[in-house]
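Chemist: One structure coming up, written as structure tokens, with questions to follow.
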Amino acid sequence: MNELEYTFAVARIRALEASLLTDQVIDQLVNSPGEKQCLELLRERGWGDGGNDLDAEEMLKTEEKKTWEVIREAAPDLNVFDVFSYTKLYHNLKAAIKEVCTEVRNENIFYDDCEISGEEMLRIVENKEFSRLPGKMPEAAQDAYDTLLHTRDGQLCDVIIDKAALEAIYAVGQDSEDEIIRNYAESTVAIADIKIAVRSQKTGKSMEFMRRAMAECESISIEQLMKAALSGMDAIGEYLSGTSYSEGAQALSDSPSAFERWCDNRMIQTIRPQKYNSFSVGPLVAYLIARENEIKTVRIILTGKQNGFSDEAIRERVREMYV
């Protein structure tokens, strides 16, 4: 792709970046008296479908759709963005396996905006046509299916598929010519591994469990991370202090919500240099991640308002904005 094509695509994204939520707007939302006032403020900023109905979940879904519409219209090559649908694709596999193995049907549990819709994934699993799945997904599907069928261990089924998703994301990153995709994949896998270590330490999981759950990456040694998790939370923090994720150690010592916040903020810090790039897919990828981050943050705020959380409790959970 030549630089001219990138220049036109990035120019459109630069214009749209002006409408991204700032930290100041997020602060306004947190300080709003309630959910209704938050939704009204968001509607004033163009969120939602322009109607008068203030339904929180519908507004968030509309914003997700808008984001992908922009990417589809602006991106000269959509294949670059396939990696961002892997989470939904593997979620569909997980949900389909559970529905087939437990014979329990649930509504609205599938994503349809990914390579294989929920309905199609359900047919694949029902017919055990795992070979129709892309990449290395068939092996994970068969393993998870057999595991759930024979052990009824839903958590182990989740672990198998979640690890396969991480490995798929990392493989794309390793093969990509775009630095931002490589960085996205590296950060995604490393942060997931750190989360697994923290949760495993809290719940007393074994080394074997963590080994089944963690995916290899360059910036984290999962062997050292697993050993640290077995030794205690302080040991995890000590290990992280010697890595490029040292800020996570401080967040971990502050509070669980501070740690979760840091995990998302780390991704925003990873993509922020794309503000100064005008000749690659980087700004488009950064815009997509930034939008996902602000939608997630708005959801956190709205959920807090719905449940009567204090402004301070909500504020400590909100994420850092891209702009």
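In the structure tokens, chains take the letters A, B, ... in the order shown, each chain's residues start at 1, and ligands count up from 1 in the order shown.
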Name all residues at most 8 Å from region 208-220 of chain A (count only C-alpha atoms; drop same-chain ones fewer than 3 positions away) and give them as a VMD selection string.
Modeler: chain A and resid 159 to 160 162 to 163 166 to 167 170 186 189 to 190 192 to 193 196 to 197 200 205 225 to 226 243 to 244
Chemist: Write out, as an mmCIF file, in the first residue's frame, the residues just selected, with C-alpha atoms.
Modeler:
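So out21.cif came out as:
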```cif
data_model
loop_
_atom_site.group_PDB
_atom_site.id
_atom_site.type_symbol
_atom_site.label_atom_id
_atom_site.label_comp_id
_atom_site.auth_asym_id
_atom_site.auth_seq_id
_atom_site.Cartn_x
_atom_site.Cartn_y
_atom_site.Cartn_z
ATOM 1 C CA VAL A 159 -8.798 -22.083 29.993
ATOM 2 C CA ILE A 160 -8.145 -24.197 26.906
ATOM 3 C CA ASP A 162 -8.735 -18.624 26.163
ATOM 4 C CA LYS A 163 -5.125 -19.782 25.830
ATOM 5 C CA LEU A 166 -4.005 -15.635 23.119
ATOM 6 C CA GLU A 167 -1.715 -17.841 21.045
ATOM 7 C CA TYR A 170 0.392 -13.592 19.368
ATOM 8 C CA GLU A 186 2.750 -8.560 22.882
ATOM 9 C CA VAL A 189 -0.652 -11.682 25.905
ATOM 10 C CA ALA A 190 1.670 -10.344 28.609
ATOM 11 C CA ALA A 192 -3.366 -11.632 30.200
ATOM 12 C CA ASP A 193 -0.573 -13.749 31.704
ATOM 13 C CA ILE A 196 -3.834 -15.147 35.270
ATOM 14 C CA ALA A 197 -0.959 -15.132 37.767
ATOM 15 C CA SER A 200 -4.312 -17.914 40.388
ATOM 16 C CA LYS A 205 -4.297 -22.525 41.645
ATOM 17 C CA LEU A 225 5.675 -15.545 36.775
ATOM 18 C CA MET A 226 4.167 -18.901 37.759
ATOM 19 C CA THR A 243 10.212 -6.041 33.756
ATOM 20 C CA SER A 244 8.749 -3.401 31.453
#
```
Chemist: Output as JSON lines one row per residue of region 24-57 of chain A within 7 Å of region 287-308 of chain A: the closest atom pair and its distance in Å to one decimal place, counting only C-alpha atoms, sorted by chain and residue number ascending.
Modeler:
```
{"residue": "A:Val30", "atom": "CA", "partner": "A:Ile301", "partner_atom": "CA", "distance": 6.4}
{"residue": "A:Gly34", "atom": "CA", "partner": "A:Lys305", "partner_atom": "CA", "distance": 5.5}
{"residue": "A:Glu35", "atom": "CA", "partner": "A:Lys305", "partner_atom": "CA", "distance": 5.4}
```
Chemist: Would you pick out the contacts of Ile180 (chain A) at 8 Å or less, using only C-alpha atoms, so that residues sharing its chain but fewer than 6 positions from it are not included, and give the list as a compact mmCIF listing (two decimals) with all heavy atoms, in the first residue's frame?
Modeler:
```
# COMPACT_ATOMS: atom_id res chain seq x y z
N ILE A 271 -0.32 2.43 22.45
CA ILE A 271 -0.76 2.96 21.15
C ILE A 271 -0.57 4.46 21.02
O ILE A 271 -0.65 5.00 19.91
CB ILE A 271 -2.24 2.62 20.88
CG1 ILE A 271 -3.16 3.34 21.87
CG2 ILE A 271 -2.46 1.12 20.89
CD1 ILE A 271 -4.64 3.25 21.54
N GLY A 282 -1.14 2.37 11.64
CA GLY A 282 -1.08 2.59 13.08
C GLY A 282 -2.16 3.48 13.65
O GLY A 282 -2.84 3.11 14.62
N VAL A 285 -5.54 1.68 13.80
CA VAL A 285 -5.58 0.69 14.87
C VAL A 285 -5.70 1.38 16.22
O VAL A 285 -6.48 0.96 17.09
CB VAL A 285 -4.30 -0.20 14.84
CG1 VAL A 285 -4.24 -1.10 16.06
CG2 VAL A 285 -4.27 -1.03 13.56
```
Chemist: Determine, counting only C-alpha atoms, which protein, DNA and RNA residues have an atom within 12 Å of an atom of Lys227 (chain A); residues of the same chain fewer than 2 positions away are not included. Present the result as a PyMOL selection string.
Modeler: chain A and resi 197-198+200-201+205-208+210-211+221-225+229-236+238-239
Chemist: Env of Asp77 (chain A): 12 Å cut, atoms = only C-alpha atoms, seq-sep filter 6 positions within chain, self excluded. Answer as a VMD selection string.
Modeler: chain A and resid 1 to 2 5 to 6 9 71 280 to 281 284 to 285
Chemist: Find the residue from A:Ile194, A:Glu177, A:Thr102, A:Glu120 that sits nearest to Leu149 (chain A); use only C-alpha atoms when measuring.
Modeler: A:Thr102
Chemist: As a PyMOL selection string, please: the residues near Ser187 (chain A) (cut-off 7 Å, only C-alpha atoms, same-chain neighbours under 4 positions excluded).
Modeler: chain A and resi 183+191+267
Chemist: Go ahead and write the residues just picked, C-alpha atoms, as a short mmCIF file (atom, residue, chain, number, x, y, z; two decimals), in the first residue's frame.
Modeler:
```
data_model
loop_
_atom_site.label_atom_id
_atom_site.label_comp_id
_atom_site.auth_asym_id
_atom_site.auth_seq_id
_atom_site.Cartn_x
_atom_site.Cartn_y
_atom_site.Cartn_z
CA ASN A 183 3.00 -4.30 20.12
CA ILE A 191 -1.14 -8.54 30.45
CA MET A 267 -2.59 -0.67 26.22
#
```
Chemist: Taking into account only C-alpha atoms, which residue in the set A:Thr7, A:Gln155, A:Gln24, A:Ser241 is nearest to Val323 (chain A)?
Modeler: A:Gln24
Chemist: In Å, rounded to a single decimal, give me how far CA of Cys101 (chain A) is from CA of His150 (chain A).
Modeler: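 Interatomic distance, CA of His150 (chain A) to CA of Cys101 (chain A): 9.5 Å.
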Chemist: Enter the distance from CA of Tyr86 (chain A) to CA of Glu107 (chain A), in Å, rounded to one decimal.
Modeler: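 Going from CA of Tyr86 (chain A) over to CA of Glu107 (chain A) covers 21.2 Å.
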